[in-house]
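Source file: data19.csv. Holds: CSV, N, CA and C atoms.
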chain,number,residue,atom,x,y,z
A,104,MET,N,79.6,136.9,27.0
A,104,MET,CA,79.9,136.0,25.9
A,104,MET,C,79.4,136.6,24.6
A,105,SER,N,80.2,136.6,23.6
A,105,SER,CA,79.8,137.2,22.3
A,105,SER,C,78.7,136.4,21.6
A,106,ASN,N,78.0,137.1,20.7
A,106,ASN,CA,77.0,136.5,19.9
A,106,ASN,C,77.7,135.8,18.8
A,107,VAL,N,77.4,134.5,18.6
A,107,VAL,CA,78.0,133.7,17.5
A,107,VAL,C,76.9,132.9,16.7
A,108,PRO,N,76.3,133.6,15.7
A,108,PRO,CA,75.2,132.9,15.0
A,108,PRO,C,75.7,131.6,14.4
A,109,ALA,N,74.8,130.5,14.5
A,109,ALA,CA,75.2,129.2,14.1
A,109,ALA,C,75.3,129.1,12.5
A,110,GLU,N,74.6,129.9,11.8
A,110,GLU,CA,74.5,129.8,10.3
A,110,GLU,C,75.7,130.4,9.6
A,111,LEU,N,76.6,131.0,10.4
A,111,LEU,CA,77.8,131.7,9.8
A,111,LEU,C,79.0,130.8,9.9
A,112,LYS,N,80.1,131.1,9.1
A,112,LYS,CA,81.4,130.6,9.3
A,112,LYS,C,82.3,131.7,9.8
A,113,TYR,N,83.5,131.3,10.4
A,113,TYR,CA,84.3,132.3,11.1
A,113,TYR,C,85.8,132.0,10.8
A,114,THR,N,86.6,133.1,11.0
A,114,THR,CA,88.0,133.0,10.9
A,114,THR,C,88.6,133.2,12.3
A,115,ALA,N,89.8,132.8,12.5
A,115,ALA,CA,90.5,133.1,13.7
A,115,ALA,C,90.8,134.5,13.9
A,116,GLU,N,90.8,135.3,12.8
A,116,GLU,CA,91.0,136.8,12.9
A,116,GLU,C,89.7,137.5,13.1
A,117,HIS,N,88.6,136.8,13.4
A,117,HIS,CA,87.3,137.4,13.8
A,117,HIS,C,86.5,138.1,12.7
A,118,GLU,N,86.7,137.5,11.4
A,118,GLU,CA,85.7,137.8,10.4
A,118,GLU,C,84.7,136.7,10.3
A,119,TRP,N,83.5,137.1,9.8
A,119,TRP,CA,82.5,136.1,9.6
A,119,TRP,C,82.2,136.0,8.1
A,120,VAL,N,81.6,134.9,7.7
A,120,VAL,CA,81.3,134.6,6.3
A,120,VAL,C,79.9,134.0,6.3
A,121,ARG,N,79.0,134.5,5.3
A,121,ARG,CA,77.7,133.9,5.1
A,121,ARG,C,77.6,133.7,3.6
A,122,VAL,N,77.4,132.4,3.2
A,122,VAL,CA,77.2,132.1,1.8
A,122,VAL,C,75.8,132.5,1.3
A,123,GLU,N,75.8,133.2,0.2
A,123,GLU,CA,74.5,133.6,-0.4
A,123,GLU,C,74.6,133.3,-1.9
A,124,GLY,N,74.1,132.1,-2.2
A,124,GLY,CA,74.1,131.7,-3.6
A,124,GLY,C,75.6,131.4,-4.0
A,125,ASP,N,76.1,132.1,-5.1
A,125,ASP,CA,77.4,131.9,-5.5
A,125,ASP,C,78.4,133.0,-4.9
A,126,LEU,N,77.8,133.8,-4.0
A,126,LEU,CA,78.6,134.9,-3.4
A,126,LEU,C,78.8,134.6,-1.9
A,127,VAL,N,79.8,135.2,-1.3
A,127,VAL,CA,80.1,135.1,0.1
A,127,VAL,C,80.1,136.5,0.7
A,128,VAL,N,79.3,136.7,1.7
A,128,VAL,CA,79.2,138.0,2.4
A,128,VAL,C,80.2,138.0,3.6
A,129,VAL,N,81.0,139.1,3.8
A,129,VAL,CA,82.0,139.1,4.8
A,129,VAL,C,81.8,140.3,5.7
A,130,GLY,N,82.0,140.1,7.0
A,130,GLY,CA,81.9,141.1,8.0
A,130,GLY,C,82.8,140.8,9.2
A,131,ILE,N,82.7,141.6,10.2
A,131,ILE,CA,83.5,141.3,11.5
A,131,ILE,C,82.5,140.8,12.5
A,132,THR,N,83.1,140.0,13.4
A,132,THR,CA,82.2,139.4,14.4
A,132,THR,C,81.9,140.4,15.6
A,133,ASP,N,80.9,139.9,16.3
A,133,ASP,CA,80.5,140.7,17.5
A,133,ASP,C,81.7,140.8,18.5
A,134,HIS,N,82.5,139.7,18.6
A,134,HIS,CA,83.7,139.8,19.5
A,134,HIS,C,84.6,140.9,19.0
A,135,ALA,N,84.9,140.9,17.7
A,135,ALA,CA,85.8,141.9,17.1
A,135,ALA,C,85.3,143.3,17.4
A,136,GLN,N,84.0,143.6,17.1
A,136,GLN,CA,83.5,145.0,17.3
A,136,GLN,C,83.6,145.3,18.8
A,137,ASP,N,83.3,144.4,19.7
A,137,ASP,CA,83.4,144.6,21.2
A,137,ASP,C,84.8,144.9,21.6
A,138,ALA,N,85.8,144.2,21.1
A,138,ALA,CA,87.2,144.4,21.5
A,138,ALA,C,87.7,145.7,20.9
A,139,LEU,N,87.2,146.1,19.8
A,139,LEU,CA,87.6,147.4,19.2
A,139,LEU,C,87.1,148.6,19.9
A,140,GLY,N,85.9,148.5,20.4
A,140,GLY,CA,85.2,149.6,21.0
A,140,GLY,C,84.5,150.4,19.9
A,141,ASP,N,84.3,151.7,20.2
A,141,ASP,CA,83.5,152.5,19.2
A,141,ASP,C,84.2,152.7,17.9
A,142,VAL,N,83.7,152.1,16.8
A,142,VAL,CA,84.3,152.1,15.5
A,142,VAL,C,84.0,153.5,14.9
A,143,VAL,N,85.0,154.2,14.4
A,143,VAL,CA,84.9,155.5,13.8
A,143,VAL,C,85.3,155.6,12.3
A,144,PHE,N,85.9,154.5,11.8
A,144,PHE,CA,86.3,154.6,10.4
A,144,PHE,C,86.5,153.2,9.9
A,145,VAL,N,86.1,153.0,8.6
A,145,VAL,CA,86.3,151.7,7.9
A,145,VAL,C,86.8,152.0,6.5
A,146,GLU,N,87.9,151.3,6.2
A,146,GLU,CA,88.4,151.4,4.8
A,146,GLU,C,88.3,150.0,4.1
A,147,LEU,N,87.6,150.0,3.0
A,147,LEU,CA,87.3,148.7,2.3
A,147,LEU,C,87.8,148.8,0.9
A,148,PRO,N,88.1,147.7,0.3
A,148,PRO,CA,88.7,147.6,-1.1
A,148,PRO,C,87.6,148.0,-2.1
A,149,GLU,N,88.1,148.3,-3.3
A,149,GLU,CA,87.2,148.7,-4.4
A,149,GLU,C,86.7,147.4,-5.0
A,150,VAL,N,85.5,147.5,-5.6
A,150,VAL,CA,84.9,146.5,-6.4
A,150,VAL,C,85.9,146.0,-7.5
A,151,GLY,N,86.0,144.7,-7.7
A,151,GLY,CA,86.9,144.2,-8.7
A,151,GLY,C,88.3,143.8,-8.1
A,152,ARG,N,88.6,144.2,-6.9
A,152,ARG,CA,89.9,143.8,-6.3
A,152,ARG,C,89.9,142.3,-5.9
A,153,ALA,N,91.0,141.7,-6.2
A,153,ALA,CA,91.2,140.3,-5.8
A,153,ALA,C,91.6,140.2,-4.4
A,154,LEU,N,90.9,139.3,-3.6
A,154,LEU,CA,91.3,139.0,-2.2
A,154,LEU,C,92.1,137.7,-2.2
A,155,HIS,N,93.0,137.7,-1.2
A,155,HIS,CA,93.8,136.5,-1.0
A,155,HIS,C,93.7,136.1,0.4
A,156,LYS,N,93.3,134.8,0.6
A,156,LYS,CA,93.0,134.3,2.0
A,156,LYS,C,94.2,134.6,2.9
A,157,GLY,N,93.8,135.2,4.1
A,157,GLY,CA,94.8,135.5,5.1
A,157,GLY,C,95.5,136.9,4.9
A,158,LYS,N,95.3,137.5,3.8
A,158,LYS,CA,95.9,138.8,3.5
A,158,LYS,C,95.0,140.0,3.8
A,159,ALA,N,95.6,141.1,4.3
A,159,ALA,CA,94.7,142.2,4.7
A,159,ALA,C,94.0,142.8,3.4
A,160,PHE,N,92.7,143.2,3.6
A,160,PHE,CA,92.0,143.8,2.6
A,160,PHE,C,91.4,145.2,3.0
A,161,GLY,N,91.5,145.5,4.2
A,161,GLY,CA,91.0,146.8,4.7
A,161,GLY,C,91.4,147.1,6.1
A,162,VAL,N,90.8,148.1,6.7
A,162,VAL,CA,91.1,148.6,8.0
A,162,VAL,C,89.8,149.0,8.7
A,163,VAL,N,89.8,148.7,10.0
A,163,VAL,CA,88.8,149.2,10.9
A,163,VAL,C,89.5,150.0,12.0
A,164,GLU,N,89.0,151.2,12.2
A,164,GLU,CA,89.6,152.1,13.2
A,164,GLU,C,88.6,152.4,14.3
A,165,SER,N,89.0,152.3,15.5
A,165,SER,CA,88.1,152.7,16.6
A,165,SER,C,88.8,153.7,17.5
A,166,VAL,N,88.1,154.1,18.5
A,166,VAL,CA,88.7,155.1,19.5
A,166,VAL,C,89.9,154.4,20.2
A,167,LYS,N,90.0,153.1,20.2
A,167,LYS,CA,91.0,152.4,20.9
A,167,LYS,C,92.1,151.9,20.1
A,168,ALA,N,91.8,151.5,18.8
A,168,ALA,CA,92.8,150.8,18.0
A,168,ALA,C,92.5,150.9,16.5
A,169,VAL,N,93.5,150.5,15.7
A,169,VAL,CA,93.4,150.3,14.3
A,169,VAL,C,93.7,148.9,14.0
A,170,SER,N,92.8,148.2,13.3
A,170,SER,CA,93.0,146.8,13.0
A,170,SER,C,92.8,146.5,11.6
A,171,ASP,N,93.7,145.6,11.1
A,171,ASP,CA,93.5,145.2,9.7
A,171,ASP,C,92.4,144.2,9.6
A,172,LEU,N,91.8,144.1,8.4
A,172,LEU,CA,90.7,143.1,8.1
A,172,LEU,C,91.4,142.1,7.2
A,173,TYR,N,91.2,140.8,7.4
A,173,TYR,CA,91.8,139.8,6.7
A,173,TYR,C,90.8,139.0,5.8
A,174,ALA,N,91.2,138.7,4.6
A,174,ALA,CA,90.3,137.9,3.7
A,174,ALA,C,90.1,136.5,4.2
A,175,PRO,N,88.9,136.1,4.3
A,175,PRO,CA,88.6,134.7,4.8
A,175,PRO,C,88.8,133.7,3.7
A,176,ILE,N,88.8,134.1,2.4
A,176,ILE,CA,88.9,133.2,1.3
A,176,ILE,C,89.5,134.0,0.1
A,177,ASP,N,89.9,133.2,-0.9
A,177,ASP,CA,90.4,133.9,-2.2
A,177,ASP,C,89.1,134.2,-3.0
A,178,GLY,N,89.1,135.4,-3.6
A,178,GLY,CA,88.0,135.7,-4.4
A,178,GLY,C,88.1,137.2,-4.9
A,179,ASP,N,87.1,137.6,-5.6
A,179,ASP,CA,87.0,138.9,-6.1
A,179,ASP,C,85.8,139.7,-5.5
A,180,VAL,N,86.1,141.0,-5.1
A,180,VAL,CA,85.1,141.8,-4.5
A,180,VAL,C,84.1,142.2,-5.6
A,181,VAL,N,82.8,141.9,-5.4
A,181,VAL,CA,81.8,142.3,-6.3
A,181,VAL,C,80.9,143.4,-5.8
A,182,GLU,N,80.9,143.6,-4.5
A,182,GLU,CA,80.1,144.7,-3.9
A,182,GLU,C,80.7,145.1,-2.6
A,183,VAL,N,80.7,146.4,-2.3
A,183,VAL,CA,81.2,147.0,-1.0
A,183,VAL,C,80.0,147.7,-0.4
A,184,ASN,N,79.9,147.5,0.9
A,184,ASN,CA,78.7,148.1,1.6
A,184,ASN,C,79.1,149.6,1.9
A,185,ALA,N,78.6,150.5,1.0
A,185,ALA,CA,78.9,151.9,1.2
A,185,ALA,C,78.3,152.4,2.5
A,186,ALA,N,77.2,151.9,2.9
A,186,ALA,CA,76.5,152.3,4.2
A,186,ALA,C,77.4,152.1,5.4
A,187,CYS,N,78.2,151.0,5.3
A,187,CYS,CA,79.1,150.6,6.4
A,187,CYS,C,80.2,151.6,6.5
A,188,VAL,N,80.7,152.1,5.3
A,188,VAL,CA,81.8,153.1,5.2
A,188,VAL,C,81.3,154.4,5.7
A,189,ALA,N,80.1,154.8,5.2
A,189,ALA,CA,79.5,156.1,5.6
A,189,ALA,C,79.1,156.2,7.1
A,190,ALA,N,78.7,155.1,7.7
A,190,ALA,CA,78.3,155.0,9.1
A,190,ALA,C,78.9,153.9,9.8
A,191,PRO,N,80.3,153.9,10.0
A,191,PRO,CA,81.0,152.8,10.6
A,191,PRO,C,80.5,152.4,12.0
A,192,GLU,N,79.9,153.3,12.7
A,192,GLU,CA,79.3,152.9,14.0
A,192,GLU,C,78.3,151.8,13.9
A,193,GLN,N,77.8,151.5,12.7
A,193,GLN,CA,76.8,150.4,12.6
A,193,GLN,C,77.5,149.1,12.9
A,194,LEU,N,78.8,149.0,12.7
A,194,LEU,CA,79.5,147.8,13.1
A,194,LEU,C,79.4,147.4,14.6
A,195,ASN,N,79.2,148.4,15.4
A,195,ASN,CA,79.0,148.2,16.8
A,195,ASN,C,77.6,147.8,17.1
A,196,LYS,N,76.7,148.1,16.3
A,196,LYS,CA,75.2,147.9,16.5
A,196,LYS,C,74.7,146.6,15.9
A,197,VAL,N,75.1,146.4,14.6
A,197,VAL,CA,74.6,145.2,13.9
A,197,VAL,C,75.7,144.5,13.1
A,198,PRO,N,76.7,144.0,13.8
A,198,PRO,CA,77.8,143.4,13.1
A,198,PRO,C,77.5,142.2,12.1
A,199,TYR,N,76.3,141.5,12.4
A,199,TYR,CA,75.9,140.4,11.6
A,199,TYR,C,74.8,140.8,10.6
A,200,GLY,N,74.4,142.1,10.7
A,200,GLY,CA,73.2,142.5,9.9
A,200,GLY,C,73.6,143.5,8.8
A,201,ALA,N,73.1,144.7,9.0
A,201,ALA,CA,73.3,145.8,8.0
A,201,ALA,C,74.7,146.2,7.8
A,202,ALA,N,75.6,145.9,8.8
A,202,ALA,CA,77.0,146.3,8.7
A,202,ALA,C,77.9,145.3,8.1
A,203,TRP,N,77.4,144.4,7.2
A,203,TRP,CA,78.3,143.6,6.4
A,203,TRP,C,79.2,144.5,5.7
A,204,MET,N,80.4,143.9,5.2
A,204,MET,CA,81.4,144.8,4.6
A,204,MET,C,81.5,144.5,3.1
A,205,LEU,N,81.6,143.3,2.7
A,205,LEU,CA,81.9,142.9,1.3
A,205,LEU,C,81.0,141.8,0.8
A,206,LYS,N,80.8,141.7,-0.5
A,206,LYS,CA,80.3,140.5,-1.1
A,206,LYS,C,81.4,140.1,-2.1
A,207,VAL,N,81.8,138.8,-2.0
A,207,VAL,CA,82.9,138.3,-2.7
A,207,VAL,C,82.5,137.1,-3.6
A,208,ARG,N,83.0,137.0,-4.8
A,208,ARG,CA,82.8,135.8,-5.6
A,208,ARG,C,84.1,135.0,-5.4
A,209,PRO,N,83.9,133.8,-4.7
A,209,PRO,CA,85.0,133.0,-4.3
A,209,PRO,C,85.7,132.4,-5.5
A,210,LYS,N,87.0,132.2,-5.5
A,210,LYS,CA,87.7,131.5,-6.5
A,210,LYS,C,87.3,130.0,-6.5
A,211,ASN,N,87.1,129.5,-5.2
A,211,ASN,CA,86.7,128.1,-5.0
A,211,ASN,C,85.5,128.1,-4.1
A,212,ALA,N,84.4,127.7,-4.5
A,212,ALA,CA,83.2,127.7,-3.7
A,212,ALA,C,83.3,126.9,-2.4
A,213,ALA,N,84.2,125.9,-2.4
A,213,ALA,CA,84.3,125.1,-1.2
A,213,ALA,C,85.1,125.8,-0.1
A,214,ASP,N,85.8,126.9,-0.4
A,214,ASP,CA,86.7,127.5,0.6
A,214,ASP,C,85.9,127.9,1.9
A,215,ALA,N,84.7,128.4,1.8
A,215,ALA,CA,84.0,128.9,2.9
A,215,ALA,C,83.7,127.7,3.9
A,216,ALA,N,83.5,126.5,3.3
A,216,ALA,CA,83.2,125.3,4.1
A,216,ALA,C,84.4,125.0,5.1
A,217,GLY,N,85.6,125.4,4.7
A,217,GLY,CA,86.7,125.1,5.5
A,217,GLY,C,87.0,126.0,6.7
A,218,LEU,N,86.1,127.0,6.8
A,218,LEU,CA,86.3,127.9,7.9
A,218,LEU,C,85.7,127.4,9.2
A,219,LEU,N,85.9,128.0,10.3
A,219,LEU,CA,85.4,127.6,11.6
A,219,LEU,C,83.9,127.6,11.6
A,220,ASP,N,83.2,126.6,12.2
A,220,ASP,CA,81.8,126.7,12.4
A,220,ASP,C,81.6,127.5,13.7
A,221,ALA,N,80.3,127.7,14.1
A,221,ALA,CA,80.0,128.4,15.3
A,221,ALA,C,80.6,127.8,16.6
A,222,ALA,N,80.6,126.4,16.6
A,222,ALA,CA,81.2,125.7,17.8
A,222,ALA,C,82.7,125.9,17.9
A,223,GLY,N,83.3,125.9,16.7
A,223,GLY,CA,84.8,126.1,16.6
A,223,GLY,C,85.2,127.5,17.0
A,224,TYR,N,84.4,128.4,16.5
A,224,TYR,CA,84.7,129.8,16.8
A,224,TYR,C,84.4,130.1,18.3
A,225,SER,N,83.4,129.6,18.9
A,225,SER,CA,83.1,129.7,20.3
A,225,SER,C,84.2,129.1,21.1
A,226,ALA,N,84.7,128.0,20.7
A,226,ALA,CA,85.9,127.4,21.4
A,226,ALA,C,87.1,128.3,21.4
A,227,LEU,N,87.3,128.9,20.2
A,227,LEU,CA,88.4,129.8,20.1
A,227,LEU,C,88.2,131.0,21.0
A,228,LEU,N,87.1,131.6,21.1
A,228,LEU,CA,86.8,132.7,22.0
A,228,LEU,C,87.0,132.3,23.4
A,229,ALA,N,86.6,131.1,23.8
A,229,ALA,CA,86.8,130.6,25.1
A,229,ALA,C,88.2,130.5,25.5
A,230,SER,N,89.0,130.1,24.5
A,230,SER,CA,90.5,129.9,24.8
A,230,SER,C,91.2,131.3,24.9
A,231,ILE,N,90.7,132.3,24.2
A,231,ILE,CA,91.2,133.6,24.3
A,231,ILE,C,90.9,134.2,25.6
A,232,ALA,N,89.7,133.9,26.2
A,232,ALA,CA,89.2,134.5,27.4
A,232,ALA,C,90.0,134.0,28.6
A,233,LYS,N,90.7,132.9,28.5
A,233,LYS,CA,91.4,132.3,29.6
A,233,LYS,C,92.6,133.1,30.0
What does the file become when written as structure tokens?
Amino acid sequence: MSNVPAELKYTAEHEWVRVEGDLVVVGITDHAQDALGDVVFVELPEVGRALHKGKAFGVVESVKAVSDLYAPIDGDVVEVNAACVAAPEQLNKVPYGAAWMLKVRPKNAADAAGLLDAAGYSALLASIAK
């Protein structure tokens, strides 16, 4: 069973969100990195880019697959984790830690609250596993 930290919010596309003050930190879940296998490349947007909920903002490439990354909320990219791009294998080791991808200033601060909580995401994972 995948690691699903209770303090985070989640999307059905397997991104996680952590609210930090007026910013939202975005990454991929433990389930996503496990399904991808060994991550070898990450493409992230530039600082200043507007994200639109549900629309692709980047790519994760592994030895098995290439997957789009989807914006969990509407907002503007204020920081990109250069260390994640430089060492994409960190996504396999610490998907909820040092391998965060973006910091976003949300258009609507309440948007993150509408995402799945840990119980909802765990239920989604259970339904996928069947």
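Once segment 124-137 of chain A and its same-chain neighbours fewer than 4 positions away are set aside, Ser105, Asn106, His117, Glu118, Trp119, Val120, Leu194, Asn195, Pro198, Ala202, Trp203, Met204, Leu205, Lys206, Val207, Arg208 and Pro209 of chain A remain within 6 Å of it when counting only N, CA and C atoms.
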Give me, as a PDB file with N, CA and C atoms, in the frame of the given file, the residues of chain A that a backbone DSSP run labels helix (DSSP H, G or I).
ATOM      1  N   ASP A 133      80.900 139.900  16.300  1.00  0.00           N
ATOM      2  CA  ASP A 133      80.500 140.700  17.500  1.00  0.00           C
ATOM      3  C   ASP A 133      81.700 140.800  18.500  1.00  0.00           C
ATOM      4  N   HIS A 134      82.500 139.700  18.600  1.00  0.00           N
ATOM      5  CA  HIS A 134      83.700 139.800  19.500  1.00  0.00           C
ATOM      6  C   HIS A 134      84.600 140.900  19.000  1.00  0.00           C
ATOM      7  N   ALA A 135      84.900 140.900  17.700  1.00  0.00           N
ATOM      8  CA  ALA A 135      85.800 141.900  17.100  1.00  0.00           C
ATOM      9  C   ALA A 135      85.300 143.300  17.400  1.00  0.00           C
ATOM     10  N   GLN A 136      84.000 143.600  17.100  1.00  0.00           N
ATOM     11  CA  GLN A 136      83.500 145.000  17.300  1.00  0.00           C
ATOM     12  C   GLN A 136      83.600 145.300  18.800  1.00  0.00           C
ATOM     13  N   ASP A 137      83.300 144.400  19.700  1.00  0.00           N
ATOM     14  CA  ASP A 137      83.400 144.600  21.200  1.00  0.00           C
ATOM     15  C   ASP A 137      84.800 144.900  21.600  1.00  0.00           C
ATOM     16  N   ALA A 138      85.800 144.200  21.100  1.00  0.00           N
ATOM     17  CA  ALA A 138      87.200 144.400  21.500  1.00  0.00           C
ATOM     18  C   ALA A 138      87.700 145.700  20.900  1.00  0.00           C
ATOM     19  N   LEU A 139      87.200 146.100  19.800  1.00  0.00           N
ATOM     20  CA  LEU A 139      87.600 147.400  19.200  1.00  0.00           C
ATOM     21  C   LEU A 139      87.100 148.600  19.900  1.00  0.00           C
ATOM     22  N   ALA A 185      78.600 150.500   1.000  1.00  0.00           N
ATOM     23  CA  ALA A 185      78.900 151.900   1.200  1.00  0.00           C
ATOM     24  C   ALA A 185      78.300 152.400   2.500  1.00  0.00           C
ATOM     25  N   ALA A 186      77.200 151.900   2.900  1.00  0.00           N
ATOM     26  CA  ALA A 186      76.500 152.300   4.200  1.00  0.00           C
ATOM     27  C   ALA A 186      77.400 152.100   5.400  1.00  0.00           C
ATOM     28  N   CYS A 187      78.200 151.000   5.300  1.00  0.00           N
ATOM     29  CA  CYS A 187      79.100 150.600   6.400  1.00  0.00           C
ATOM     30  C   CYS A 187      80.200 151.600   6.500  1.00  0.00           C
ATOM     31  N   VAL A 188      80.700 152.100   5.300  1.00  0.00           N
ATOM     32  CA  VAL A 188      81.800 153.100   5.200  1.00  0.00           C
ATOM     33  C   VAL A 188      81.300 154.400   5.700  1.00  0.00           C
ATOM     34  N   ALA A 189      80.100 154.800   5.200  1.00  0.00           N
ATOM     35  CA  ALA A 189      79.500 156.100   5.600  1.00  0.00           C
ATOM     36  C   ALA A 189      79.100 156.200   7.100  1.00  0.00           C
ATOM     37  N   GLN A 193      77.800 151.500  12.700  1.00  0.00           N
ATOM     38  CA  GLN A 193      76.800 150.400  12.600  1.00  0.00           C
ATOM     39  C   GLN A 193      77.500 149.100  12.900  1.00  0.00           C
ATOM     40  N   LEU A 194      78.800 149.000  12.700  1.00  0.00           N
ATOM     41  CA  LEU A 194      79.500 147.800  13.100  1.00  0.00           C
ATOM     42  C   LEU A 194      79.400 147.400  14.600  1.00  0.00           C
ATOM     43  N   ASN A 195      79.200 148.400  15.400  1.00  0.00           N
ATOM     44  CA  ASN A 195      79.000 148.200  16.800  1.00  0.00           C
ATOM     45  C   ASN A 195      77.600 147.800  17.100  1.00  0.00           C
ATOM     46  N   LYS A 196      76.700 148.100  16.300  1.00  0.00           N
ATOM     47  CA  LYS A 196      75.200 147.900  16.500  1.00  0.00           C
ATOM     48  C   LYS A 196      74.700 146.600  15.900  1.00  0.00           C
ATOM     49  N   ALA A 212      84.400 127.700  -4.500  1.00  0.00           N
ATOM     50  CA  ALA A 212      83.200 127.700  -3.700  1.00  0.00           C
ATOM     51  C   ALA A 212      83.300 126.900  -2.400  1.00  0.00           C
ATOM     52  N   ALA A 213      84.200 125.900  -2.400  1.00  0.00           N
ATOM     53  CA  ALA A 213      84.300 125.100  -1.200  1.00  0.00           C
ATOM     54  C   ALA A 213      85.100 125.800  -0.100  1.00  0.00           C
ATOM     55  N   ASP A 214      85.800 126.900  -0.400  1.00  0.00           N
ATOM     56  CA  ASP A 214      86.700 127.500   0.600  1.00  0.00           C
ATOM     57  C   ASP A 214      85.900 127.900   1.900  1.00  0.00           C
ATOM     58  N   ALA A 215      84.700 128.400   1.800  1.00  0.00           N
ATOM     59  CA  ALA A 215      84.000 128.900   2.900  1.00  0.00           C
ATOM     60  C   ALA A 215      83.700 127.700   3.900  1.00  0.00           C
ATOM     61  N   ALA A 216      83.500 126.500   3.300  1.00  0.00           N
ATOM     62  CA  ALA A 216      83.200 125.300   4.100  1.00  0.00           C
ATOM     63  C   ALA A 216      84.400 125.000   5.100  1.00  0.00           C
ATOM     64  N   GLY A 217      85.600 125.400   4.700  1.00  0.00           N
ATOM     65  CA  GLY A 217      86.700 125.100   5.500  1.00  0.00           C
ATOM     66  C   GLY A 217      87.000 126.000   6.700  1.00  0.00           C
ATOM     67  N   ALA A 221      80.300 127.700  14.100  1.00  0.00           N
ATOM     68  CA  ALA A 221      80.000 128.400  15.300  1.00  0.00           C
ATOM     69  C   ALA A 221      80.600 127.800  16.600  1.00  0.00           C
ATOM     70  N   ALA A 222      80.600 126.400  16.600  1.00  0.00           N
ATOM     71  CA  ALA A 222      81.200 125.700  17.800  1.00  0.00           C
ATOM     72  C   ALA A 222      82.700 125.900  17.900  1.00  0.00           C
ATOM     73  N   GLY A 223      83.300 125.900  16.700  1.00  0.00           N
ATOM     74  CA  GLY A 223      84.800 126.100  16.600  1.00  0.00           C
ATOM     75  C   GLY A 223      85.200 127.500  17.000  1.00  0.00           C
ATOM     76  N   TYR A 224      84.400 128.400  16.500  1.00  0.00           N
ATOM     77  CA  TYR A 224      84.700 129.800  16.800  1.00  0.00           C
ATOM     78  C   TYR A 224      84.400 130.100  18.300  1.00  0.00           C
ATOM     79  N   SER A 225      83.400 129.600  18.900  1.00  0.00           N
ATOM     80  CA  SER A 225      83.100 129.700  20.300  1.00  0.00           C
ATOM     81  C   SER A 225      84.200 129.100  21.100  1.00  0.00           C
ATOM     82  N   ALA A 226      84.700 128.000  20.700  1.00  0.00           N
ATOM     83  CA  ALA A 226      85.900 127.400  21.400  1.00  0.00           C
ATOM     84  C   ALA A 226      87.100 128.300  21.400  1.00  0.00           C
ATOM     85  N   LEU A 227      87.300 128.900  20.200  1.00  0.00           N
ATOM     86  CA  LEU A 227      88.400 129.800  20.100  1.00  0.00           C
ATOM     87  C   LEU A 227      88.200 131.000  21.000  1.00  0.00           C
ATOM     88  N   LEU A 228      87.100 131.600  21.100  1.00  0.00           N
ATOM     89  CA  LEU A 228      86.800 132.700  22.000  1.00  0.00           C
ATOM     90  C   LEU A 228      87.000 132.300  23.400  1.00  0.00           C
ATOM     91  N   ALA A 229      86.600 131.100  23.800  1.00  0.00           N
ATOM     92  CA  ALA A 229      86.800 130.600  25.100  1.00  0.00           C
ATOM     93  C   ALA A 229      88.200 130.500  25.500  1.00  0.00           C
ATOM     94  N   SER A 230      89.000 130.100  24.500  1.00  0.00           N
ATOM     95  CA  SER A 230      90.500 129.900  24.800  1.00  0.00           C
ATOM     96  C   SER A 230      91.200 131.300  24.900  1.00  0.00           C
ATOM     97  N   ILE A 231      90.700 132.300  24.200  1.00  0.00           N
ATOM     98  CA  ILE A 231      91.200 133.600  24.300  1.00  0.00           C
ATOM     99  C   ILE A 231      90.900 134.200  25.600  1.00  0.00           C
ATOM    100  N   ALA A 232      89.700 133.900  26.200  1.00  0.00           N
ATOM    101  CA  ALA A 232      89.200 134.500  27.400  1.00  0.00           C
ATOM    102  C   ALA A 232      90.000 134.000  28.600  1.00  0.00           C
TER     103      ALA A 232
END
Distance query segment 163-176 of chain A at most 7 Å, all atoms listed in the file, self and fewer than 4 positions along chain excluded, as a ChimeraX atom specification: /A:114,116,118,139-146,154-159,209-210,214-215
Let me make sure I understand: among A:Pro148, A:Ala138, A:Phe160, A:Ala229, which one has the smallest atom-to-atom distance to Glu182 of chain A if we use all atoms listed in the file?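 Counting all atoms listed in the file, the residue closest to Glu182 of chain A is A:Pro148.
Computed from the coordinates, the atom C of Leu147 of chain A to atom N of Gly161 of chain A distance equals 6.0 Å.
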In Å, how far is it from atom CA of Tyr113 of chain A to atom CA of Tyr224 of chain A?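 About the pair atom CA of Tyr113 of chain A and atom CA of Tyr224 of chain A: they are 6.2 Å apart.
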10 Å contact set for Ala221 of chain A, only C-alpha atoms, chain neighbours under 5 positions out, as a list in words: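 Counting only C-alpha atoms, the residues come to Asn106, Val107, Pro108, Ala109, Glu110, Leu111, Lys112, Tyr113, Trp119, Ala226 and Leu227 of chain A.
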Kindly give the distance, in Å, that separates atom N of Tyr199 of chain A and atom N of Ile231 of chain A, rounded to a single decimal.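 Interatomic distance, atom N of Tyr199 of chain A to atom N of Ile231 of chain A: 20.8 Å.
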